[in-house]
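upload03.pdb follows (PDB, C-alpha atoms, pLDDT in the B column):
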```pdb
ATOM      1  CA  MET A  59      37.011 -81.365  46.316  1.00 85.00           C
ATOM      2  CA  ALA A  60      39.473 -80.377  49.051  1.00 87.00           C
ATOM      3  CA  GLY A  61      37.182 -77.477  49.954  1.00 91.00           C
ATOM      4  CA  SER A  62      34.214 -79.852  50.316  1.00 93.00           C
ATOM      5  CA  VAL A  63      36.225 -82.141  52.581  1.00 94.00           C
ATOM      6  CA  THR A  64      37.266 -79.203  54.753  1.00 94.00           C
ATOM      7  CA  GLN A  65      33.686 -77.952  54.913  1.00 95.00           C
ATOM      8  CA  VAL A  66      32.246 -81.297  56.019  1.00 95.00           C
ATOM      9  CA  LEU A  67      34.985 -81.685  58.652  1.00 94.00           C
ATOM     10  CA  ASN A  68      34.095 -78.231  59.994  1.00 94.00           C
ATOM     11  CA  TYR A  69      30.414 -79.256  60.119  1.00 93.00           C
ATOM     12  CA  ARG A  70      31.359 -82.379  62.059  1.00 93.00           C
ATOM     13  CA  HIS A  71      33.429 -80.347  64.511  1.00 91.00           C
ATOM     14  CA  GLU A  72      30.526 -77.944  65.092  1.00 91.00           C
ATOM     15  CA  LEU A  73      28.090 -80.829  65.556  1.00 89.00           C
ATOM     16  CA  VAL A  74      30.253 -82.540  68.159  1.00 88.00           C
ATOM     17  CA  GLN A  75      30.875 -79.243  69.977  1.00 86.00           C
ATOM     18  CA  ASN A  76      27.203 -78.202  70.010  1.00 86.00           C
ATOM     19  CA  LEU A  77      25.335 -81.495  70.289  1.00 85.00           C
ATOM     20  CA  ASN A  78      24.391 -80.949  73.922  1.00 80.00           C
ATOM     21  CA  LYS A  79      23.058 -77.469  73.122  1.00 84.00           C
ATOM     22  CA  LEU A  80      20.983 -78.850  70.245  1.00 82.00           C
ATOM     23  CA  THR A  81      19.215 -81.378  72.484  1.00 81.00           C
ATOM     24  CA  GLU A  82      18.966 -79.172  75.572  1.00 82.00           C
ATOM     25  CA  GLY A  83      15.429 -79.015  76.960  1.00 83.00           C
ATOM     26  CA  THR A  84      14.318 -82.190  75.164  1.00 86.00           C
ATOM     27  CA  ASP A  85      14.096 -85.837  76.148  1.00 86.00           C
ATOM     28  CA  VAL A  86      16.516 -86.715  73.375  1.00 82.00           C
ATOM     29  CA  ARG A  87      19.998 -87.757  74.448  1.00 81.00           C
ATOM     30  CA  LEU A  88      22.593 -88.053  71.718  1.00 82.00           C
ATOM     31  CA  ASN A  89      26.292 -88.775  71.789  1.00 81.00           C
ATOM     32  CA  ALA A  90      28.745 -88.344  68.965  1.00 82.00           C
ATOM     33  CA  PHE A  91      32.365 -89.360  68.992  1.00 82.00           C
ATOM     34  CA  ASN A  92      34.286 -88.763  65.782  1.00 84.00           C
ATOM     35  CA  PRO A  93      31.379 -89.404  63.369  1.00 88.00           C
ATOM     36  CA  LYS A  94      32.132 -90.405  59.781  1.00 90.00           C
ATOM     37  CA  CYS A  95      31.453 -87.801  57.112  1.00 94.00           C
ATOM     38  CA  ALA A  96      30.489 -88.155  53.469  1.00 95.00           C
ATOM     39  CA  VAL A  97      30.947 -85.937  50.437  1.00 95.00           C
ATOM     40  CA  ILE A  98      29.020 -86.707  47.257  1.00 95.00           C
ATOM     41  CA  ILE A  99      30.676 -84.894  44.408  1.00 92.00           C
ATOM     42  CA  GLY A 100      31.113 -84.967  40.643  1.00 89.00           C
ATOM     43  CA  ASN A 101      30.783 -87.634  37.992  1.00 87.00           C
ATOM     44  CA  ALA A 102      33.773 -89.976  37.730  1.00 86.00           C
ATOM     45  CA  GLU A 103      32.889 -91.230  34.261  1.00 82.00           C
ATOM     46  CA  ALA A 104      32.603 -87.735  32.818  1.00 83.00           C
ATOM     47  CA  GLU A 105      35.344 -85.965  34.751  1.00 84.00           C
ATOM     48  CA  LEU A 106      38.065 -88.579  35.265  1.00 82.00           C
ATOM     49  CA  LYS A 107      38.739 -89.490  31.661  1.00 86.00           C
ATOM     50  CA  ASP A 108      42.512 -89.936  31.768  1.00 91.00           C
ATOM     51  CA  GLN A 109      44.564 -92.287  33.939  1.00 91.00           C
ATOM     52  CA  THR A 110      46.422 -89.464  35.718  1.00 91.00           C
ATOM     53  CA  ALA A 111      43.218 -87.751  36.863  1.00 89.00           C
ATOM     54  CA  ARG A 112      41.714 -91.071  37.998  1.00 90.00           C
ATOM     55  CA  ARG A 113      44.863 -92.006  39.922  1.00 93.00           C
ATOM     56  CA  SER A 114      45.058 -88.595  41.638  1.00 91.00           C
ATOM     57  CA  PHE A 115      41.415 -88.827  42.648  1.00 90.00           C
ATOM     58  CA  GLU A 116      41.775 -92.366  44.013  1.00 92.00           C
ATOM     59  CA  LEU A 117      44.959 -91.501  45.952  1.00 94.00           C
ATOM     60  CA  PHE A 118      43.304 -88.449  47.511  1.00 93.00           C
ATOM     61  CA  ARG A 119      40.130 -90.368  48.358  1.00 93.00           C
ATOM     62  CA  ALA A 120      42.024 -93.314  49.853  1.00 94.00           C
ATOM     63  CA  ALA A 121      44.097 -91.002  52.070  1.00 93.00           C
ATOM     64  CA  LEU A 122      41.026 -89.585  53.826  1.00 93.00           C
ATOM     65  CA  LYS A 123      40.376 -91.438  57.076  1.00 90.00           C
ATOM     66  CA  ASP A 124      37.292 -89.577  58.326  1.00 90.00           C
ATOM     67  CA  VAL A 125      35.549 -88.603  55.089  1.00 94.00           C
ATOM     68  CA  GLU A 126      33.983 -90.932  52.542  1.00 95.00           C
ATOM     69  CA  VAL A 127      34.087 -89.406  49.056  1.00 95.00           C
ATOM     70  CA  VAL A 128      31.607 -90.854  46.568  1.00 94.00           C
ATOM     71  CA  THR A 129      30.782 -89.613  43.094  1.00 92.00           C
ATOM     72  CA  TYR A 130      27.182 -89.310  41.931  1.00 94.00           C
ATOM     73  CA  ASP A 131      27.603 -92.017  39.306  1.00 92.00           C
ATOM     74  CA  GLU A 132      29.053 -94.403  41.922  1.00 93.00           C
ATOM     75  CA  LEU A 133      26.167 -93.632  44.256  1.00 93.00           C
ATOM     76  CA  PHE A 134      23.584 -94.221  41.522  1.00 92.00           C
ATOM     77  CA  ARG A 135      25.254 -97.537  40.650  1.00 90.00           C
ATOM     78  CA  LYS A 136      25.077 -98.635  44.297  1.00 91.00           C
ATOM     79  CA  VAL A 137      21.397 -97.660  44.500  1.00 90.00           C
ATOM     80  CA  GLU A 138      20.656 -99.577  41.294  1.00 88.00           C
ATOM     81  CA  ILE A 139      22.327-102.678  42.741  1.00 91.00           C
ATOM     82  CA  LEU A 140      20.331-102.364  45.954  1.00 89.00           C
ATOM     83  CA  ALA A 141      17.113-101.904  43.994  1.00 88.00           C
ATOM     84  CA  GLU A 142      17.857-105.044  41.992  1.00 87.00           C
ATOM     85  CA  LEU A 143      18.630-107.010  45.144  1.00 87.00           C
ATOM     86  CA  PHE A 144      15.411-105.918  46.820  1.00 84.00           C
ATOM     87  CA  SER A 145      13.311-106.781  43.815  1.00 81.00           C
ATOM     88  CA  LEU A 146      14.947-110.227  43.632  1.00 62.00           C
ATOM     89  CA  LYS A 147      14.222-110.856  47.294  1.00 52.00           C
ATOM     90  CA  ARG A 148      10.638-109.738  46.850  1.00 48.00           C
ATOM     91  CA  THR A 149      10.207-112.038  43.837  1.00 48.00           C
ATOM     92  CA  LYS A 150      11.590-115.036  45.743  1.00 48.00           C
ATOM     93  CA  LYS A 151       9.251-114.431  48.696  1.00 50.00           C
ATOM     94  CA  GLN A 152       6.251-114.283  46.398  1.00 52.00           C
ATOM     95  CA  GLN A 153       7.046-117.675  44.865  1.00 53.00           C
ATOM     96  CA  PRO A 154       5.750-120.749  46.754  1.00 52.00           C
TER      97      PRO A 154
END
```

Take the structure in this file and express it as structure tokens.
Amino acid sequence: MAGSVTQVLNYRHELVQNLNKLTEGTDVRLNAFNPKCAVIIGNAEAELKDQTARRSFELFRAALKDVEVVTYDELFRKVEILAELFSLKRTKKQQP
């Protein structure tokens, strides 16, 4: 996981350094100042089975200020919740 965090921070650095070059010759004007990064990695339920592994993961994740680390199972859970919310809103709008 540490390698993934380093990689995404390097990508961010390159993006900020080269953003003007990427948009040169176009009408697009972009600015980036310290953008947030995300790493989607692993499956917490399958890989963090004992309390020590879970605690280490949570301490490492909480210590990162510029990188959001999310596991695939957490991401899927969030998407499921959003899907449920949208379907509830749609159902309510359809009712008189």

Minimum-distance residue to A:Leu122, chosen among A:Thr84, A:Asn76, A:Asn101, A:Thr64 (using only C-alpha atoms):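 Closest residue, counting only C-alpha atoms: A:Thr64.
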
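Taking atom CA of A:Arg87 and atom CA of A:Lys123 as endpoints, the distance between them is 27.0 Å.
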
Could you state which residues are captured by the PyMOL selection byres ((chain A and resi 88) around 12) in this file, as a PDB file with C-alpha atoms, in the coordinates of the input?
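Printed below is out.pdb as written:
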```pdb
ATOM      1  CA  LEU A  73      28.090 -80.829  65.556  1.00 89.00           C
ATOM      2  CA  VAL A  74      30.253 -82.540  68.159  1.00 88.00           C
ATOM      3  CA  ASN A  76      27.203 -78.202  70.010  1.00 86.00           C
ATOM      4  CA  LEU A  77      25.335 -81.495  70.289  1.00 85.00           C
ATOM      5  CA  ASN A  78      24.391 -80.949  73.922  1.00 80.00           C
ATOM      6  CA  LYS A  79      23.058 -77.469  73.122  1.00 84.00           C
ATOM      7  CA  LEU A  80      20.983 -78.850  70.245  1.00 82.00           C
ATOM      8  CA  THR A  81      19.215 -81.378  72.484  1.00 81.00           C
ATOM      9  CA  GLU A  82      18.966 -79.172  75.572  1.00 82.00           C
ATOM     10  CA  THR A  84      14.318 -82.190  75.164  1.00 86.00           C
ATOM     11  CA  ASP A  85      14.096 -85.837  76.148  1.00 86.00           C
ATOM     12  CA  VAL A  86      16.516 -86.715  73.375  1.00 82.00           C
ATOM     13  CA  ARG A  87      19.998 -87.757  74.448  1.00 81.00           C
ATOM     14  CA  ASN A  89      26.292 -88.775  71.789  1.00 81.00           C
ATOM     15  CA  ALA A  90      28.745 -88.344  68.965  1.00 82.00           C
ATOM     16  CA  PHE A  91      32.365 -89.360  68.992  1.00 82.00           C
TER      17      PHE A  91
END
```

Could you state the separation of atom CA of A:Ala104 and atom CA of A:Val127 in Å, given to one decimal place?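 One can read the atom CA of A:Ala104 to atom CA of A:Val127 distance as 16.4 Å.
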
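The smallest atom-to-atom distance between A:Thr129 and any of A:Glu72, A:Gly100, A:Cys95, A:Gly61, using all atoms listed in the file, is found for A:Gly100.
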
Among listed residues A:Lys107, A:Leu140, A:Val125, A:Ala120, nearest A:Arg70 (using all atoms listed in the file): A:Val125

At a cut-off of 10 Å, using all atoms listed in the file, what residues contact A:Glu132? Leave out same-chain residues fewer than 3 positions from it and give the result as a list of chain:residue names. A:Ile98, A:Ile99, A:Gly100, A:Asn101, A:Ala102, A:Glu103, A:Val128, A:Thr129, A:Arg135, A:Lys136, A:Val137, A:Glu138

Straight-line distance linking atom CA of A:Thr110 with atom CA of A:Lys94, stated in Å to one decimal: 28.0 Å

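Of the listed residues (A:Gln65, A:Arg119, A:Glu126, A:Phe144), A:Glu126 comes nearest to A:Pro93; the distances count only C-alpha atoms.
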
Once 8 Å is added on each side, what centre and edge lengths in Å to one decimal does the axis-aligned box around all listed atoms of stretch 60-63 of chain A have, as lines of an AutoDock Vina configuration file?
```
center_x = 36.8
center_y = -79.8
center_z = 50.8
size_x = 21.3
size_y = 20.7
size_z = 19.5
```
